[in-house]
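To start, the structure under review is shown below, and the notes come after it.
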Amino acid sequence: MVVGRVTDECPVAVSVELLWKVVFTGDVSIFTKACVGLVDAVEVDGDGGPGSVTTMKLNPAVGDAKVFKTRLLARDAAARVVKSELVVEGGELAGQMKSQVSEVKVVPAGEGACVVHMTVEYERVDGAPLPPADEAMIVQGYLSLIKKVEEYLVAHPGEFA
C-alpha cells in the first residue's frame with residue numbers, strides 16, 4: 001500500500017542519449033566520475049540488471065546521509081525509464097520507511113536537452129504521509145544527482161560522447 005507519492009521534473013542541458021548513457025546504463029565508473037564531490041564510490045552487487053543492488057557511498061560534504069542503496073526493479077532503454085526501490089537497512093531510515101520506490105523517465109526536449117521526470121512512492125512504518133517539505137527533500141535528493149551529472153557533462157562536453 002502506497003501512502004505517499006511525490007513527483008517533480010527537471011530540465012537538463014544534455015541530450016537524452018548522453019544523460020541515459022552516463023546515469024542509467026549501469027556503467028558505474030562513468031557515473032562516479034561525473035558525480036565527483038557528491039558520490040565517492042559506487043558498487044553493484046549483481047549483473048547490473050533487475051535485482052541488482054547498487055550502493056552509493058556519499059561524500060561526507062553531502063551531510064548526514066552516508067550510504068544509499070537501491071535495488072533495480074526495471075530498466076527500459078527504449079522508453080528511457082528506470083524503476084528502483086530503496087533498500088532500507090538499519091539506521092534512522094529503517095525506523096521511518098517501510099518502502100520507497102522511484103521511477104525516472106528521461107524524455108527529449110530539443111537538440112542537446114532533455115527533461116527528467118521523477119516519481120517517488122513511499123510507505124512509512126507509521127502509515128502517515130510525510131510532511132510536504134520532507135517529500136520535496138526526497139525527490140530533490142534524486143534530482144541533485146542528475147544536476148551534478150549535467151554540470152559535469154556541460155563542463156566536459158566531449159568526454160562521454
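Letters A, B, ... go to the chains of the C-alpha cells in the order shown; residues in each chain start at 1; ligands are counted from 1 in the same order.
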So which bits of chain A end up strand (DSSP E) when you DSSP the backbone, as an mmCIF file with N, CA and C atoms, in the first residue's frame?
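Contents of selection.cif, as written:
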```cif
data_model
loop_
_atom_site.group_PDB
_atom_site.id
_atom_site.type_symbol
_atom_site.label_atom_id
_atom_site.label_comp_id
_atom_site.auth_asym_id
_atom_site.auth_seq_id
_atom_site.Cartn_x
_atom_site.Cartn_y
_atom_site.Cartn_z
ATOM 1 N N GLY A 4 2.315 7.700 0.195
ATOM 2 C CA GLY A 4 2.634 8.987 -0.408
ATOM 3 C C GLY A 4 3.223 8.841 -1.787
ATOM 4 N N ARG A 5 3.006 9.875 -2.581
ATOM 5 C CA ARG A 5 3.543 9.912 -3.944
ATOM 6 C C ARG A 5 3.951 11.347 -4.221
ATOM 7 N N VAL A 6 5.173 11.511 -4.664
ATOM 8 C CA VAL A 6 5.657 12.849 -4.975
ATOM 9 C C VAL A 6 6.307 12.813 -6.354
ATOM 10 N N THR A 7 6.042 13.850 -7.141
ATOM 11 C CA THR A 7 6.599 13.924 -8.488
ATOM 12 C C THR A 7 7.277 15.276 -8.688
ATOM 13 N N ASP A 8 8.223 15.273 -9.584
ATOM 14 C CA ASP A 8 8.892 16.514 -9.957
ATOM 15 C C ASP A 8 9.553 16.273 -11.307
ATOM 16 N N GLU A 9 9.983 17.324 -11.917
ATOM 17 C CA GLU A 9 10.727 17.202 -13.167
ATOM 18 C C GLU A 9 11.812 18.245 -13.195
ATOM 19 N N CYS A 10 12.791 17.979 -14.026
ATOM 20 C CA CYS A 10 13.941 18.864 -14.058
ATOM 21 C C CYS A 10 14.497 18.912 -15.481
ATOM 22 N N PRO A 11 14.596 20.114 -16.050
ATOM 23 C CA PRO A 11 15.199 20.241 -17.379
ATOM 24 C C PRO A 11 16.713 20.040 -17.271
ATOM 25 N N VAL A 12 17.281 19.409 -18.285
ATOM 26 C CA VAL A 12 18.712 19.124 -18.292
ATOM 27 C C VAL A 12 19.282 19.554 -19.637
ATOM 28 N N VAL A 39 29.438 11.814 -4.834
ATOM 29 C CA VAL A 39 29.475 10.369 -4.648
ATOM 30 C C VAL A 39 30.937 9.934 -4.669
ATOM 31 N N ASP A 40 31.374 9.277 -3.594
ATOM 32 C CA ASP A 40 32.768 8.831 -3.522
ATOM 33 C C ASP A 40 32.996 7.482 -4.181
ATOM 34 N N ALA A 41 32.010 6.596 -4.110
ATOM 35 C CA ALA A 41 32.171 5.262 -4.699
ATOM 36 C C ALA A 41 30.800 4.663 -4.985
ATOM 37 N N VAL A 42 30.762 3.802 -5.995
ATOM 38 C CA VAL A 42 29.544 3.077 -6.340
ATOM 39 C C VAL A 42 29.927 1.610 -6.531
ATOM 40 N N GLU A 43 29.167 0.735 -5.886
ATOM 41 C CA GLU A 43 29.383 -0.707 -6.043
ATOM 42 C C GLU A 43 28.068 -1.340 -6.477
ATOM 43 N N VAL A 44 28.155 -2.329 -7.368
ATOM 44 C CA VAL A 44 26.968 -3.039 -7.836
ATOM 45 C C VAL A 44 27.104 -4.506 -7.455
ATOM 46 N N ASP A 45 26.106 -5.001 -6.753
ATOM 47 C CA ASP A 45 26.036 -6.415 -6.410
ATOM 48 C C ASP A 45 25.025 -7.051 -7.351
ATOM 49 N N VAL A 53 21.744 -4.783 -6.705
ATOM 50 C CA VAL A 53 21.733 -3.759 -5.661
ATOM 51 C C VAL A 53 22.932 -2.842 -5.872
ATOM 52 N N THR A 54 22.647 -1.550 -5.957
ATOM 53 C CA THR A 54 23.687 -0.541 -6.127
ATOM 54 C C THR A 54 23.858 0.199 -4.815
ATOM 55 N N THR A 55 25.107 0.291 -4.353
ATOM 56 C CA THR A 55 25.433 1.009 -3.126
ATOM 57 C C THR A 55 26.259 2.233 -3.489
ATOM 58 N N MET A 56 25.740 3.421 -3.146
ATOM 59 C CA MET A 56 26.471 4.665 -3.362
ATOM 60 C C MET A 56 26.995 5.148 -2.021
ATOM 61 N N LYS A 57 28.294 5.343 -1.955
ATOM 62 C CA LYS A 57 28.896 5.922 -0.757
ATOM 63 C C LYS A 57 29.042 7.413 -1.019
ATOM 64 N N LEU A 58 28.297 8.185 -0.234
ATOM 65 C CA LEU A 58 28.249 9.625 -0.458
ATOM 66 C C LEU A 58 29.410 10.328 0.224
ATOM 67 N N VAL A 67 25.412 6.379 3.088
ATOM 68 C CA VAL A 67 25.299 5.300 2.117
ATOM 69 C C VAL A 67 23.857 5.241 1.623
ATOM 70 N N PHE A 68 23.719 5.029 0.339
ATOM 71 C CA PHE A 68 22.413 4.991 -0.304
ATOM 72 C C PHE A 68 22.364 3.711 -1.135
ATOM 73 N N LYS A 69 21.436 2.803 -0.816
ATOM 74 C CA LYS A 69 21.332 1.531 -1.532
ATOM 75 C C LYS A 69 20.001 1.442 -2.257
ATOM 76 N N THR A 70 20.064 0.998 -3.514
ATOM 77 C CA THR A 70 18.845 0.784 -4.283
ATOM 78 C C THR A 70 18.903 -0.574 -4.980
ATOM 79 N N ARG A 71 17.730 -1.152 -5.200
ATOM 80 C CA ARG A 71 17.604 -2.402 -5.960
ATOM 81 C C ARG A 71 16.890 -2.071 -7.265
ATOM 82 N N LEU A 72 17.510 -2.424 -8.380
ATOM 83 C CA LEU A 72 16.915 -2.165 -9.685
ATOM 84 C C LEU A 72 15.717 -3.083 -9.891
ATOM 85 N N LEU A 73 14.562 -2.497 -10.164
ATOM 86 C CA LEU A 73 13.359 -3.272 -10.446
ATOM 87 C C LEU A 73 13.167 -3.458 -11.949
ATOM 88 N N ALA A 74 13.440 -2.395 -12.728
ATOM 89 C CA ALA A 74 13.273 -2.464 -14.182
ATOM 90 C C ALA A 74 14.079 -1.357 -14.847
ATOM 91 N N ARG A 75 14.592 -1.661 -16.045
ATOM 92 C CA ARG A 75 15.268 -0.664 -16.876
ATOM 93 C C ARG A 75 14.798 -0.893 -18.305
ATOM 94 N N ASP A 76 14.154 0.117 -18.890
ATOM 95 C CA ASP A 76 13.670 0.043 -20.256
ATOM 96 C C ASP A 76 14.431 1.086 -21.076
ATOM 97 N N VAL A 81 13.271 4.561 -19.154
ATOM 98 C CA VAL A 81 12.649 4.531 -17.833
ATOM 99 C C VAL A 81 13.409 3.561 -16.937
ATOM 100 N N VAL A 82 13.666 3.994 -15.717
ATOM 101 C CA VAL A 82 14.301 3.152 -14.700
ATOM 102 C C VAL A 82 13.421 3.182 -13.460
ATOM 103 N N LYS A 83 13.203 1.995 -12.880
ATOM 104 C CA LYS A 83 12.429 1.896 -11.645
ATOM 105 C C LYS A 83 13.271 1.133 -10.640
ATOM 106 N N SER A 84 13.374 1.679 -9.422
ATOM 107 C CA SER A 84 14.177 1.030 -8.387
ATOM 108 C C SER A 84 13.538 1.253 -7.032
ATOM 109 N N GLU A 85 13.957 0.430 -6.079
ATOM 110 C CA GLU A 85 13.456 0.588 -4.718
ATOM 111 C C GLU A 85 14.618 0.827 -3.782
ATOM 112 N N LEU A 86 14.373 1.645 -2.791
ATOM 113 C CA LEU A 86 15.358 1.913 -1.765
ATOM 114 C C LEU A 86 15.476 0.681 -0.893
ATOM 115 N N MET A 97 10.755 4.398 7.280
ATOM 116 C CA MET A 97 10.245 3.997 5.969
ATOM 117 C C MET A 97 10.074 2.491 5.869
ATOM 118 N N LYS A 98 8.923 2.097 5.374
ATOM 119 C CA LYS A 98 8.656 0.695 5.094
ATOM 120 C C LYS A 98 9.095 0.370 3.670
ATOM 121 N N SER A 99 8.824 1.300 2.746
ATOM 122 C CA SER A 99 9.251 1.122 1.356
ATOM 123 C C SER A 99 9.347 2.477 0.661
ATOM 124 N N GLN A 100 10.170 2.496 -0.396
ATOM 125 C CA GLN A 100 10.290 3.694 -1.224
ATOM 126 C C GLN A 100 10.689 3.230 -2.623
ATOM 127 N N VAL A 101 9.850 3.517 -3.596
ATOM 128 C CA VAL A 101 10.106 3.126 -4.981
ATOM 129 C C VAL A 101 10.194 4.390 -5.829
ATOM 130 N N SER A 102 11.236 4.459 -6.641
ATOM 131 C CA SER A 102 11.411 5.624 -7.507
ATOM 132 C C SER A 102 11.337 5.192 -8.966
ATOM 133 N N GLU A 103 10.799 6.084 -9.780
ATOM 134 C CA GLU A 103 10.774 5.880 -11.225
ATOM 135 C C GLU A 103 11.284 7.148 -11.879
ATOM 136 N N VAL A 104 12.224 6.969 -12.795
ATOM 137 C CA VAL A 104 12.800 8.081 -13.526
ATOM 138 C C VAL A 104 12.542 7.847 -15.007
ATOM 139 N N LYS A 105 12.018 8.861 -15.661
ATOM 140 C CA LYS A 105 11.812 8.805 -17.113
ATOM 141 C C LYS A 105 12.532 9.997 -17.720
ATOM 142 N N VAL A 106 13.342 9.733 -18.727
ATOM 143 C CA VAL A 106 14.107 10.783 -19.399
ATOM 144 C C VAL A 106 13.523 10.967 -20.793
ATOM 145 N N VAL A 107 13.080 12.186 -21.095
ATOM 146 C CA VAL A 107 12.458 12.462 -22.388
ATOM 147 C C VAL A 107 13.215 13.584 -23.117
ATOM 148 N N PRO A 108 13.297 13.486 -24.442
ATOM 149 C CA PRO A 108 13.961 14.536 -25.209
ATOM 150 C C PRO A 108 13.223 15.866 -25.075
ATOM 151 N N CYS A 114 17.071 17.538 -22.447
ATOM 152 C CA CYS A 114 16.053 16.560 -22.073
ATOM 153 C C CYS A 114 15.394 17.016 -20.776
ATOM 154 N N VAL A 115 14.356 16.292 -20.393
ATOM 155 C CA VAL A 115 13.671 16.554 -19.125
ATOM 156 C C VAL A 115 13.622 15.235 -18.370
ATOM 157 N N VAL A 116 13.973 15.289 -17.102
ATOM 158 C CA VAL A 116 13.913 14.123 -16.234
ATOM 159 C C VAL A 116 12.644 14.239 -15.401
ATOM 160 N N HIS A 117 11.775 13.218 -15.529
ATOM 161 C CA HIS A 117 10.543 13.146 -14.740
ATOM 162 C C HIS A 117 10.784 12.148 -13.613
ATOM 163 N N MET A 118 10.571 12.579 -12.391
ATOM 164 C CA MET A 118 10.866 11.767 -11.214
ATOM 165 C C MET A 118 9.584 11.524 -10.430
ATOM 166 N N THR A 119 9.342 10.273 -10.073
ATOM 167 C CA THR A 119 8.211 9.917 -9.217
ATOM 168 C C THR A 119 8.733 9.041 -8.088
ATOM 169 N N VAL A 120 8.360 9.367 -6.869
ATOM 170 C CA VAL A 120 8.732 8.555 -5.714
ATOM 171 C C VAL A 120 7.456 8.202 -4.963
ATOM 172 N N GLU A 121 7.251 6.910 -4.765
ATOM 173 C CA GLU A 121 6.137 6.423 -3.954
ATOM 174 C C GLU A 121 6.726 5.812 -2.703
ATOM 175 N N TYR A 122 6.092 6.059 -1.574
ATOM 176 C CA TYR A 122 6.651 5.564 -0.316
ATOM 177 C C TYR A 122 5.556 5.137 0.640
ATOM 178 N N GLU A 123 5.980 4.340 1.597
ATOM 179 C CA GLU A 123 5.113 3.962 2.706
ATOM 180 C C GLU A 123 5.943 4.045 3.979
ATOM 181 N N ARG A 124 5.441 4.788 4.915
ATOM 182 C CA ARG A 124 6.124 4.911 6.205
ATOM 183 C C ARG A 124 5.674 3.796 7.139
#
```
Extract, using only C-alpha atoms, all DNA, RNA and protein residues at most 7 Å from segment 17-28 of chain A, discarding same-chain residues fewer than 3 positions from it, and format them as a list in words.
Val14, Phe31, Thr32, Val42, Gly48 and Ala161 of chain A
Since we have the selection now, will you write its residues out, keeping N, CA and C atoms, as a compact mmCIF listing (two decimals), in the first residue's frame?
```
# COMPACT_ATOMS: atom_id res chain seq x y z
N VAL A 14 21.55 18.57 -21.53
CA VAL A 14 22.34 17.48 -22.09
C VAL A 14 21.36 16.62 -22.89
N PHE A 31 29.50 7.19 -14.03
CA PHE A 31 28.65 7.90 -13.06
C PHE A 31 29.49 8.47 -11.91
N THR A 32 30.39 7.67 -11.37
CA THR A 32 31.24 8.12 -10.25
C THR A 32 32.08 9.32 -10.66
N VAL A 42 30.76 3.80 -6.00
CA VAL A 42 29.54 3.08 -6.34
C VAL A 42 29.93 1.61 -6.53
N GLY A 48 23.95 -5.99 -12.87
CA GLY A 48 23.52 -4.67 -13.33
C GLY A 48 22.09 -4.65 -13.84
N ALA A 161 30.84 11.40 -25.00
CA ALA A 161 30.04 11.38 -26.24
C ALA A 161 30.36 10.17 -27.10
```
Expected answer as an mmCIF file with N, CA and C atoms, in the first residue's frame: alpha helix (DSSP H) residues in chain A:
```
data_model
loop_
_atom_site.group_PDB
_atom_site.id
_atom_site.type_symbol
_atom_site.label_atom_id
_atom_site.label_comp_id
_atom_site.auth_asym_id
_atom_site.auth_seq_id
_atom_site.Cartn_x
_atom_site.Cartn_y
_atom_site.Cartn_z
ATOM 1 N N VAL A 16 19.272 13.471 -24.309
ATOM 2 C CA VAL A 16 18.698 12.318 -23.634
ATOM 3 C C VAL A 16 19.636 11.111 -23.752
ATOM 4 N N GLU A 17 20.264 10.942 -24.908
ATOM 5 C CA GLU A 17 21.160 9.801 -25.128
ATOM 6 C C GLU A 17 22.379 9.857 -24.198
ATOM 7 N N LEU A 18 22.965 11.028 -24.068
ATOM 8 C CA LEU A 18 24.157 11.159 -23.229
ATOM 9 C C LEU A 18 23.817 11.011 -21.750
ATOM 10 N N LEU A 19 22.750 11.636 -21.307
ATOM 11 C CA LEU A 19 22.366 11.505 -19.904
ATOM 12 C C LEU A 19 22.051 10.046 -19.572
ATOM 13 N N VAL A 28 29.112 2.193 -13.733
ATOM 14 C CA VAL A 28 29.326 2.996 -12.526
ATOM 15 C C VAL A 28 30.588 3.844 -12.586
ATOM 16 N N SER A 29 31.568 3.467 -13.401
ATOM 17 C CA SER A 29 32.792 4.273 -13.479
ATOM 18 C C SER A 29 32.503 5.648 -14.069
ATOM 19 N N ILE A 30 31.633 5.692 -15.073
ATOM 20 C CA ILE A 30 31.260 6.973 -15.682
ATOM 21 C C ILE A 30 30.475 7.813 -14.675
ATOM 22 N N PHE A 31 29.502 7.188 -14.025
ATOM 23 C CA PHE A 31 28.649 7.899 -13.062
ATOM 24 C C PHE A 31 29.486 8.467 -11.912
ATOM 25 N N THR A 32 30.393 7.673 -11.373
ATOM 26 C CA THR A 32 31.236 8.120 -10.252
ATOM 27 C C THR A 32 32.084 9.318 -10.665
ATOM 28 N N LYS A 33 32.640 9.271 -11.858
ATOM 29 C CA LYS A 33 33.470 10.383 -12.336
ATOM 30 C C LYS A 33 32.634 11.655 -12.497
ATOM 31 N N ALA A 34 31.423 11.509 -13.010
ATOM 32 C CA ALA A 34 30.559 12.668 -13.226
ATOM 33 C C ALA A 34 30.025 13.234 -11.912
ATOM 34 N N GLY A 91 19.555 1.818 10.806
ATOM 35 C CA GLY A 91 19.671 3.261 10.885
ATOM 36 C C GLY A 91 18.338 3.960 11.062
ATOM 37 N N GLU A 92 18.375 5.271 11.012
ATOM 38 C CA GLU A 92 17.196 6.110 11.232
ATOM 39 C C GLU A 92 16.106 5.852 10.198
ATOM 40 N N LEU A 93 16.513 5.634 8.939
ATOM 41 C CA LEU A 93 15.540 5.434 7.868
ATOM 42 C C LEU A 93 14.694 4.183 8.103
ATOM 43 N N ALA A 94 15.313 3.122 8.592
ATOM 44 C CA ALA A 94 14.576 1.873 8.825
ATOM 45 C C ALA A 94 13.465 2.066 9.846
ATOM 46 N N PRO A 132 5.083 17.830 3.544
ATOM 47 C CA PRO A 132 5.466 18.251 2.182
ATOM 48 C C PRO A 132 6.951 18.605 2.044
ATOM 49 N N ALA A 133 7.535 19.225 3.045
ATOM 50 C CA ALA A 133 8.955 19.593 2.962
ATOM 51 C C ALA A 133 9.839 18.352 2.878
ATOM 52 N N ASP A 134 9.484 17.296 3.613
ATOM 53 C CA ASP A 134 10.261 16.052 3.564
ATOM 54 C C ASP A 134 10.065 15.340 2.236
ATOM 55 N N GLU A 135 8.848 15.379 1.693
ATOM 56 C CA GLU A 135 8.611 14.799 0.365
ATOM 57 C C GLU A 135 9.481 15.503 -0.676
ATOM 58 N N ALA A 136 9.508 16.816 -0.616
ATOM 59 C CA ALA A 136 10.314 17.587 -1.562
ATOM 60 C C ALA A 136 11.794 17.254 -1.415
ATOM 61 N N MET A 137 12.246 17.041 -0.183
ATOM 62 C CA MET A 137 13.645 16.721 0.059
ATOM 63 C C MET A 137 14.010 15.367 -0.568
ATOM 64 N N ILE A 138 13.103 14.403 -0.520
ATOM 65 C CA ILE A 138 13.374 13.090 -1.109
ATOM 66 C C ILE A 138 13.579 13.215 -2.617
ATOM 67 N N VAL A 139 12.636 13.833 -3.295
ATOM 68 C CA VAL A 139 12.738 13.919 -4.749
ATOM 69 C C VAL A 139 13.907 14.813 -5.157
ATOM 70 N N GLN A 140 14.184 15.852 -4.400
ATOM 71 C CA GLN A 140 15.313 16.726 -4.719
ATOM 72 C C GLN A 140 16.645 16.015 -4.522
ATOM 73 N N GLY A 141 16.688 15.065 -3.605
ATOM 74 C CA GLY A 141 17.906 14.273 -3.436
ATOM 75 C C GLY A 141 18.251 13.513 -4.705
ATOM 76 N N TYR A 142 17.242 12.896 -5.315
ATOM 77 C CA TYR A 142 17.462 12.188 -6.575
ATOM 78 C C TYR A 142 17.851 13.162 -7.683
ATOM 79 N N LEU A 143 17.113 14.260 -7.785
ATOM 80 C CA LEU A 143 17.372 15.213 -8.867
ATOM 81 C C LEU A 143 18.710 15.926 -8.708
ATOM 82 N N SER A 144 19.212 16.054 -7.486
ATOM 83 C CA SER A 144 20.526 16.685 -7.300
ATOM 84 C C SER A 144 21.627 15.849 -7.946
ATOM 85 N N LEU A 145 21.474 14.529 -7.956
ATOM 86 C CA LEU A 145 22.440 13.680 -8.658
ATOM 87 C C LEU A 145 22.415 13.968 -10.157
ATOM 88 N N ILE A 146 21.209 14.112 -10.703
ATOM 89 C CA ILE A 146 21.065 14.412 -12.127
ATOM 90 C C ILE A 146 21.706 15.763 -12.449
ATOM 91 N N LYS A 147 21.473 16.762 -11.615
ATOM 92 C CA LYS A 147 22.038 18.097 -11.851
ATOM 93 C C LYS A 147 23.560 18.077 -11.740
ATOM 94 N N LYS A 148 24.098 17.249 -10.849
ATOM 95 C CA LYS A 148 25.555 17.126 -10.717
ATOM 96 C C LYS A 148 26.140 16.525 -11.992
ATOM 97 N N VAL A 149 25.482 15.505 -12.532
ATOM 98 C CA VAL A 149 25.937 14.898 -13.785
ATOM 99 C C VAL A 149 25.840 15.921 -14.918
ATOM 100 N N GLU A 150 24.733 16.652 -14.975
ATOM 101 C CA GLU A 150 24.574 17.683 -16.005
ATOM 102 C C GLU A 150 25.724 18.692 -15.934
ATOM 103 N N GLU A 151 26.018 19.165 -14.741
ATOM 104 C CA GLU A 151 27.103 20.141 -14.543
ATOM 105 C C GLU A 151 28.422 19.598 -15.103
ATOM 106 N N TYR A 152 28.706 18.350 -14.797
ATOM 107 C CA TYR A 152 29.956 17.736 -15.266
ATOM 108 C C TYR A 152 29.964 17.611 -16.793
ATOM 109 N N LEU A 153 28.866 17.133 -17.353
ATOM 110 C CA LEU A 153 28.811 16.912 -18.796
ATOM 111 C C LEU A 153 28.874 18.220 -19.591
ATOM 112 N N VAL A 154 28.273 19.266 -19.083
ATOM 113 C CA VAL A 154 28.341 20.567 -19.753
ATOM 114 C C VAL A 154 29.779 21.102 -19.705
ATOM 115 N N ALA A 155 30.471 20.870 -18.596
ATOM 116 C CA ALA A 155 31.860 21.334 -18.447
ATOM 117 C C ALA A 155 32.841 20.480 -19.255
#
```
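Separating atom CA of Glu159 of chain A from atom CA of Ala78 of chain A is a distance of 23.4 Å.
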note - atom CA of Ala113 of chain A and atom CA of Arg80 of chain A are separated by 14.2 Å
Would you mind reading off the distance between atom CA of Leu130 of chain A and atom CA of Val2 of chain A, one decimal, in Å?
11.9 Å
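If you measure from each of A:Gly37, A:Pro157, A:Gln96, A:Glu111 to Pro129 of chain A using only C-alpha atoms, the closest one turns out to be A:Gln96.
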